[in-house]
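Data first, discussion second: the structure below is written as C-alpha cells.
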Amino acid sequence: MSVNVERVLATGTGLDQDDILEVLTSPDEDLPDLLAAAHAVRMRWCGPEVEVEGIVSVKTGGCPEDCHFCSQSGLFTSPVRAVWLDIPELVESARQTAATGATEFCLVAAVRGPDERLMAQVREGIAAIRAEVDINIAASLGILTADQVDELAAMGVHRYNHNLETARSFFPRIVTTHTWEERWDTLRLVRDAGMEVCCGGILGMGESVAQRAEFAAQLTALDPYEVPLNFLNPRPGTPLADQGVLSAVDALRAIAAFRLALPRTVLRYAGGREITLGDLGTRDGLLGGINAIIVGNYLTTLGRPAQTDLELLADLSMPVKALSATL
Ligand code: SF4
C-alpha cells in the first residue's frame with residue numbers, strides 16, 4: 001500500500017486527484033491489494049453496516065432532456081413509455097421496500113425539474129407514505145428552484161439525489177440541454193437547506209481515465225453524504241447504445257479509487273453492476289469499498305432479486321443498517 005493510502009486509513013481524508021489517477025491506472029496485479037485497502041478504509045471510517053435502499057419511479061419516460069445514457073429521454077427511440085404512478089401503488093412500493101429491511105425509499109421522476117403537477121403528486125405521495133410506512137424518504141426530481149428545495153425539506157425529504165453524472169470536462173459530450181453547473185447549483189441549494197446530498201454518476205460512458213479521476217475529485221469537493229456509482233448499461237435507442245461495457249477489472253479499480261477518495265461517504269452500488277461485474281464481482285465490490293446497495297429493480301432495467309443481495313450481505317457478515325441508526 002502506498003504512503004498516501006495509509007494516510008487515508010489513518011486520517012479519513014481522501015486522496016487528491018493525482019493520487020486517484022494513480023490508483024485508476026495501477027496494474028491489474030495490484031487490484032487485490034487495492035480492494036483490500038479500500039475495504040479497510042470503509043470498515044475504519046464507515047463500519048460494517050450496509051445501507052439498503054429501494055427506488056420507485058413516480059414518473060417514467062418522456063423527459064425533455066437529452067442525457068445520452070438515458071432511455072427515459074423523450075428525444076431518443078428507446079422503448080420506455082411515459083407512465084405516472086398513482087398514490088396507492090407508491091405506498092405499496094414503500095411498504096415492500098421497508099419489508100426488505102431497507103431504510104431509504106427514493107421517489108424518482110424523469111423530468112428536467114418538477115412542475116406543479118409533480119410537486120403536488122410528491123406532496124400527496126410523501127404524506128401517504130409517512131402515514132403508513134416507517135422509512136426514510138429521499139427524492140430525485142431533477143433541477144430545483146430554491147422554493148422547491150425548501151418545500152421538499154418541509155415535506156420531510158431527508159436526502160436529495162441529483163447526479164453530476166460525470167466529470168465537468170466530459171459532461172457537454174453527454175448532455176447538451178442543461179449544464180453541469182446547473183446541476184451543481186441544485187446540489188448547493190439542497191445542502192444549504194439541510195437535506196443530505198446524494199450525488200454520483202455513471203462510469204464507462206467514454207470518459208478517459210483522467211476524467212474519471214477528475215470526477216472523483218469533483219465529488220470530493222462536494223463532499224456528498226452518499227455517492228451512487230453506476231456503470232453504463234448501454235440502452236437500445238440511446239446515443240450510447242453502442243458504447244462497450246466497462247471491464248470488471250476497471251469497474252473494481254474505480255470502486256476502490258472512489259472509496260479512497262471519499263473515505264466517509266455512503267458508496268452505493270447503483271445501476272449496471274449486474275452486466276459489468278456479475279455475481280462474483282458484486283461480492284468483490286462489497287469487499288472493496290461499497291457499503292450500500294439498491295434492492296430490487298432499477299428505473300428501467302431489472303436488478304438482482306432483493307433476497308440474493310440480502311443473502312450475500314449475511315454471508316459477508318455485513319449487517320443491514322437499521323432505521324434507528326439513520327435517524
Ligand atoms: S437522466 Fe434525468 S434529466 Fe437526463 S434524460 Fe434521463 S430522466 Fe431526463
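Note on naming: chains are A, B, ... as they come in the C-alpha cells, residues start from 1 per chain, ligands start from 1 in the order shown.
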- request: With a distance cut-off of 12 Å and only C-alpha atoms, select the neighbouring residues of A:Thr308, excluding the residue or stretch itself and same-chain residues fewer than 5 positions from it, and output the selection as number ranges by chain.
  value: A: 100, 279, 282-283, 293-296, 303, 313-315
message: Taking 5 positions as the minimum chain separation for residues in the same chain, which residues sit within 12 Å of A:Thr179 when counting only C-alpha atoms? Answer as a count of residues only.
response: 19
message: as a count of residues only, please: every residue in stretch 37-121 of chain A that a backbone DSSP assignment puts in alpha helix (DSSP H).
response: 28
Neighbouring residues of ligand 1 are defined here as those with any atom at most 8 Å from a ligand atom, counting only C-alpha atoms and all ligand atoms; list them as a compact mmCIF listing (two decimals) with all heavy atoms, in the first residue's frame.
```txt
# COMPACT_ATOMS: atom_id res chain seq x y z
N THR A 60 -42.18 7.99 -15.24
CA THR A 60 -41.18 7.31 -16.07
C THR A 60 -41.25 7.81 -17.52
O THR A 60 -42.34 7.97 -18.06
CB THR A 60 -41.46 5.78 -16.06
OG1 THR A 60 -41.53 5.34 -14.71
CG2 THR A 60 -40.37 5.02 -16.80
N GLY A 61 -40.10 8.03 -18.13
CA GLY A 61 -40.04 8.30 -19.57
C GLY A 61 -40.53 9.70 -19.95
O GLY A 61 -41.01 10.47 -19.13
N GLY A 62 -40.34 10.02 -21.23
CA GLY A 62 -40.85 11.28 -21.76
C GLY A 62 -40.13 12.51 -21.27
O GLY A 62 -40.66 13.62 -21.32
N CYS A 63 -38.89 12.36 -20.81
CA CYS A 63 -38.14 13.52 -20.30
C CYS A 63 -37.67 14.39 -21.47
O CYS A 63 -37.21 13.88 -22.49
CB CYS A 63 -36.95 13.04 -19.47
SG CYS A 63 -35.97 14.41 -18.82
N PRO A 64 -37.74 15.73 -21.33
CA PRO A 64 -37.32 16.61 -22.43
C PRO A 64 -35.81 16.74 -22.57
O PRO A 64 -35.34 17.33 -23.55
CB PRO A 64 -37.93 17.96 -22.04
CG PRO A 64 -38.04 17.92 -20.56
CD PRO A 64 -38.32 16.49 -20.21
N GLU A 65 -35.04 16.23 -21.62
CA GLU A 65 -33.57 16.39 -21.65
C GLU A 65 -32.93 15.31 -22.53
O GLU A 65 -33.58 14.34 -22.92
CB GLU A 65 -33.02 16.36 -20.23
CG GLU A 65 -33.62 17.41 -19.33
CD GLU A 65 -33.46 18.83 -19.88
OE1 GLU A 65 -32.33 19.34 -19.90
OE2 GLU A 65 -34.46 19.42 -20.30
N ASP A 66 -31.64 15.48 -22.84
CA ASP A 66 -31.00 14.56 -23.81
C ASP A 66 -29.78 13.83 -23.23
O ASP A 66 -28.82 13.58 -23.97
CB ASP A 66 -30.63 15.32 -25.09
CG ASP A 66 -29.38 16.18 -24.93
OD1 ASP A 66 -28.98 16.48 -23.77
OD2 ASP A 66 -28.79 16.55 -25.96
N CYS A 67 -29.80 13.50 -21.95
CA CYS A 67 -28.68 12.76 -21.35
C CYS A 67 -28.47 11.47 -22.17
O CYS A 67 -29.38 10.63 -22.25
CB CYS A 67 -28.98 12.46 -19.89
SG CYS A 67 -29.53 13.93 -18.97
N HIS A 68 -27.27 11.34 -22.78
CA HIS A 68 -27.11 10.34 -23.83
C HIS A 68 -27.17 8.89 -23.36
O HIS A 68 -27.24 7.98 -24.17
CB HIS A 68 -25.77 10.58 -24.56
CG HIS A 68 -25.76 11.83 -25.41
ND1 HIS A 68 -26.74 12.80 -25.33
CD2 HIS A 68 -24.89 12.25 -26.36
CE1 HIS A 68 -26.46 13.77 -26.19
NE2 HIS A 68 -25.35 13.46 -26.82
N PHE A 69 -27.08 8.70 -22.05
CA PHE A 69 -27.14 7.35 -21.50
C PHE A 69 -28.56 6.92 -21.17
O PHE A 69 -28.79 5.77 -20.80
CB PHE A 69 -26.31 7.28 -20.19
CG PHE A 69 -26.72 8.35 -19.20
CD1 PHE A 69 -27.79 8.15 -18.35
CD2 PHE A 69 -26.04 9.56 -19.16
CE1 PHE A 69 -28.18 9.14 -17.46
CE2 PHE A 69 -26.44 10.56 -18.27
CZ PHE A 69 -27.51 10.34 -17.42
N CYS A 70 -29.52 7.83 -21.27
CA CYS A 70 -30.79 7.64 -20.57
C CYS A 70 -31.92 7.21 -21.50
O CYS A 70 -32.28 7.94 -22.43
CB CYS A 70 -31.17 8.93 -19.84
SG CYS A 70 -32.67 8.74 -18.87
N SER A 71 -32.51 6.07 -21.20
CA SER A 71 -33.62 5.58 -22.03
C SER A 71 -34.93 6.28 -21.69
O SER A 71 -35.95 6.02 -22.31
CB SER A 71 -33.76 4.06 -21.84
OG SER A 71 -34.00 3.76 -20.48
N GLN A 72 -34.90 7.18 -20.69
CA GLN A 72 -36.12 7.90 -20.33
C GLN A 72 -36.24 9.24 -21.05
O GLN A 72 -37.24 9.95 -20.88
CB GLN A 72 -36.17 8.12 -18.82
CG GLN A 72 -36.10 6.81 -18.06
CD GLN A 72 -36.74 6.94 -16.71
OE1 GLN A 72 -37.93 7.22 -16.59
NE2 GLN A 72 -35.95 6.76 -15.68
N SER A 73 -35.23 9.60 -21.82
CA SER A 73 -35.35 10.81 -22.61
C SER A 73 -36.42 10.60 -23.68
O SER A 73 -36.46 9.57 -24.35
CB SER A 73 -34.00 11.12 -23.28
OG SER A 73 -34.20 12.15 -24.24
N GLY A 74 -37.27 11.62 -23.83
CA GLY A 74 -38.28 11.55 -24.88
C GLY A 74 -37.70 11.86 -26.26
O GLY A 74 -38.41 11.80 -27.27
N ALA A 109 -38.25 10.87 -10.52
CA ALA A 109 -39.06 11.27 -11.68
C ALA A 109 -38.16 11.64 -12.85
O ALA A 109 -37.14 12.30 -12.66
CB ALA A 109 -39.96 12.45 -11.31
N ALA A 110 -38.55 11.21 -14.04
CA ALA A 110 -37.79 11.54 -15.25
C ALA A 110 -38.26 12.89 -15.77
O ALA A 110 -39.18 12.99 -16.59
CB ALA A 110 -38.02 10.46 -16.31
N VAL A 111 -37.64 13.93 -15.25
CA VAL A 111 -38.00 15.30 -15.61
C VAL A 111 -36.75 16.16 -15.59
O VAL A 111 -35.75 15.80 -14.96
CB VAL A 111 -39.02 15.91 -14.61
CG1 VAL A 111 -40.37 15.23 -14.72
CG2 VAL A 111 -38.51 15.79 -13.17
N ARG A 112 -36.81 17.31 -16.26
CA ARG A 112 -35.71 18.28 -16.12
C ARG A 112 -35.72 18.82 -14.68
O ARG A 112 -34.69 18.95 -14.04
CB ARG A 112 -35.91 19.43 -17.11
CG ARG A 112 -34.91 20.55 -16.94
CD ARG A 112 -35.26 21.76 -17.78
NE ARG A 112 -34.40 22.88 -17.44
CZ ARG A 112 -33.21 23.09 -17.97
NH1 ARG A 112 -32.74 22.28 -18.91
NH2 ARG A 112 -32.48 24.12 -17.61
N GLY A 113 -36.92 19.14 -14.22
CA GLY A 113 -37.16 19.60 -12.85
C GLY A 113 -38.66 19.49 -12.64
O GLY A 113 -39.42 19.35 -13.60
N GLY A 142 -34.70 16.04 -10.32
CA GLY A 142 -34.02 16.92 -11.26
C GLY A 142 -33.61 18.25 -10.66
O GLY A 142 -33.42 18.39 -9.45
N VAL A 175 -24.50 15.53 -22.27
CA VAL A 175 -25.76 16.28 -22.12
C VAL A 175 -25.60 17.63 -22.79
O VAL A 175 -24.61 18.33 -22.54
CB VAL A 175 -26.10 16.51 -20.63
CG1 VAL A 175 -27.45 17.21 -20.48
CG2 VAL A 175 -26.10 15.21 -19.84
```
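Across the structure, atom CA of A:Arg188 and atom CA of A:Met155 are spaced 18.8 Å apart.
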Selection: 8 Å around stretch 214-222 of chain A, only C-alpha atoms, excl. self and same-chain fewer than 3 positions, as a short mmCIF file (atom, residue, chain, number, x, y, z; two decimals) with all heavy atoms, in the first residue's frame:
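Result file is out08.cif:
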```
data_model
loop_
_atom_site.label_atom_id
_atom_site.label_comp_id
_atom_site.auth_asym_id
_atom_site.auth_seq_id
_atom_site.Cartn_x
_atom_site.Cartn_y
_atom_site.Cartn_z
N GLY A 14 -9.55 11.94 2.14
CA GLY A 14 -9.44 11.22 0.87
C GLY A 14 -8.26 11.60 0.01
O GLY A 14 -7.61 12.64 0.21
N ASP A 16 -6.19 12.91 -3.27
CA ASP A 16 -6.41 14.01 -4.22
C ASP A 16 -6.44 13.45 -5.65
O ASP A 16 -6.23 12.25 -5.87
CB ASP A 16 -5.39 15.12 -4.03
CG ASP A 16 -3.97 14.67 -4.38
OD1 ASP A 16 -3.81 13.64 -5.07
OD2 ASP A 16 -3.02 15.35 -3.96
N GLN A 17 -6.67 14.36 -6.61
CA GLN A 17 -6.90 13.91 -7.99
C GLN A 17 -5.71 13.13 -8.57
O GLN A 17 -5.90 12.13 -9.25
CB GLN A 17 -7.22 15.13 -8.87
CG GLN A 17 -7.68 14.76 -10.27
CD GLN A 17 -8.26 15.94 -11.03
OE1 GLN A 17 -8.75 16.91 -10.41
NE2 GLN A 17 -8.22 15.89 -12.34
N ILE A 20 -5.72 9.71 -7.07
CA ILE A 20 -6.86 8.92 -7.59
C ILE A 20 -6.48 8.37 -8.97
O ILE A 20 -6.72 7.20 -9.28
CB ILE A 20 -8.14 9.78 -7.69
CG1 ILE A 20 -8.57 10.28 -6.31
CG2 ILE A 20 -9.27 8.98 -8.34
CD1 ILE A 20 -9.61 11.39 -6.33
N THR A 166 -20.86 12.82 -14.47
CA THR A 166 -19.51 12.60 -14.98
C THR A 166 -18.68 13.85 -14.72
O THR A 166 -19.16 14.82 -14.16
CB THR A 166 -19.56 12.25 -16.49
OG1 THR A 166 -18.28 11.78 -16.91
CG2 THR A 166 -19.98 13.44 -17.34
N ALA A 167 -17.41 13.79 -15.14
CA ALA A 167 -16.52 14.93 -14.95
C ALA A 167 -17.07 16.17 -15.66
O ALA A 167 -17.69 16.07 -16.73
CB ALA A 167 -15.14 14.60 -15.51
N ARG A 168 -16.80 17.31 -15.05
CA ARG A 168 -17.25 18.57 -15.66
C ARG A 168 -16.75 18.70 -17.10
O ARG A 168 -17.48 19.15 -17.99
CB ARG A 168 -16.71 19.71 -14.81
CG ARG A 168 -17.17 21.06 -15.20
CD ARG A 168 -16.63 22.07 -14.21
NE ARG A 168 -17.13 23.39 -14.49
CZ ARG A 168 -17.03 24.41 -13.64
NH1 ARG A 168 -16.44 24.24 -12.47
NH2 ARG A 168 -17.50 25.58 -13.95
N CYS A 199 -25.11 12.33 -4.49
CA CYS A 199 -24.66 12.73 -5.83
C CYS A 199 -23.62 11.76 -6.34
O CYS A 199 -22.58 11.58 -5.72
CB CYS A 199 -24.07 14.14 -5.78
SG CYS A 199 -23.39 14.66 -7.37
N GLY A 200 -23.90 11.14 -7.46
CA GLY A 200 -22.94 10.22 -8.06
C GLY A 200 -22.96 10.35 -9.56
O GLY A 200 -23.17 11.45 -10.10
N ALA A 210 -8.39 9.75 -16.91
CA ALA A 210 -8.09 11.03 -16.23
C ALA A 210 -9.40 11.75 -15.88
O ALA A 210 -9.50 12.38 -14.82
CB ALA A 210 -7.21 11.90 -17.12
N GLN A 211 -10.38 11.67 -16.75
CA GLN A 211 -11.67 12.32 -16.46
C GLN A 211 -12.41 11.58 -15.33
O GLN A 211 -13.14 12.20 -14.57
CB GLN A 211 -12.52 12.40 -17.72
CG GLN A 211 -12.03 13.50 -18.65
CD GLN A 211 -12.67 13.46 -20.03
OE1 GLN A 211 -12.88 12.38 -20.59
NE2 GLN A 211 -12.95 14.63 -20.57
N PHE A 258 -12.79 5.40 -5.80
CA PHE A 258 -13.81 6.31 -5.25
C PHE A 258 -13.87 6.17 -3.73
O PHE A 258 -14.07 7.15 -3.02
CB PHE A 258 -15.17 6.07 -5.91
CG PHE A 258 -15.32 6.81 -7.22
CD1 PHE A 258 -14.52 6.50 -8.31
CD2 PHE A 258 -16.22 7.85 -7.35
CE1 PHE A 258 -14.62 7.20 -9.51
CE2 PHE A 258 -16.33 8.56 -8.55
CZ PHE A 258 -15.54 8.23 -9.64
N ALA A 261 -11.02 8.05 -2.35
CA ALA A 261 -11.23 9.50 -2.49
C ALA A 261 -12.25 10.00 -1.46
O ALA A 261 -12.20 11.15 -1.03
CB ALA A 261 -11.72 9.82 -3.90
N LEU A 262 -13.20 9.13 -1.09
CA LEU A 262 -14.34 9.52 -0.25
C LEU A 262 -14.47 8.53 0.91
O LEU A 262 -15.39 7.72 0.95
CB LEU A 262 -15.62 9.51 -1.10
CG LEU A 262 -15.64 10.49 -2.27
CD1 LEU A 262 -16.49 9.98 -3.41
CD2 LEU A 262 -16.18 11.84 -1.80
#
```
Neighbour list for A:Val50 as a PDB file with C-alpha atoms, in the first residue's frame, cut-off 9 Å, only C-alpha atoms, skip fewer than 6 positions in-chain:
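Done, and the output landed in out22.pdb:
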```pdb
ATOM      1  CA  VAL A 266     -22.044   6.068   1.720  1.00  0.00           C
ATOM      2  CA  ILE A 290     -19.021  -0.391  -1.368  1.00  0.00           C
ATOM      3  CA  ASN A 291     -21.283  -0.049   1.691  1.00  0.00           C
ATOM      4  CA  ALA A 292     -24.755   0.493   0.252  1.00  0.00           C
ATOM      5  CA  ILE A 293     -27.000  -1.231  -2.269  1.00  0.00           C
ATOM      6  CA  LEU A 313     -24.679  -9.495   2.936  1.00  0.00           C
ATOM      7  CA  MET A 318     -22.298  -7.232   6.921  1.00  0.00           C
ATOM      8  CA  PRO A 319     -25.387  -6.167   8.887  1.00  0.00           C
ATOM      9  CA  VAL A 320     -28.085  -4.124   7.178  1.00  0.00           C
ATOM     10  CA  LYS A 321     -28.148  -0.629   8.693  1.00  0.00           C
TER      11      LYS A 321
END
```
message: Give me the residues near stretch 26-33 of chain A as a list in words, where near means some atom within 12 Å (using only C-alpha atoms) and where sequence neighbours in that chain fewer than 6 positions away do not count.
response: Met1, Ser2, Val5, Asp19, Ile20, His39, Ala40, Val209, Ser247, Ala248, Val249, Asp250, Ala251, Leu252, Arg253, Ala254, Ile255, Ala256, Ala257, Asp284, Gly285, Leu287 and Gly288 of chain A
task: Taking the DSSP assignment computed from this structure's backbone, write out as a PyMOL selection string all residues of stretch 64-293 of chain A that belong to strand (DSSP E or B).
output: chain A and resi 73+83-84+104-109+136-140+159-161+165+196-198+201-203+226-231+266-269+292-293
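With only C-alpha atoms taken into account, the protein and nucleic acid residues at most 6 Å from A:Cys198 (excluding it and anything under 2 positions from it in its own chain) are A:Tyr160, A:Asn161, A:Pro224, A:Tyr225, A:Glu226, A:Val227.
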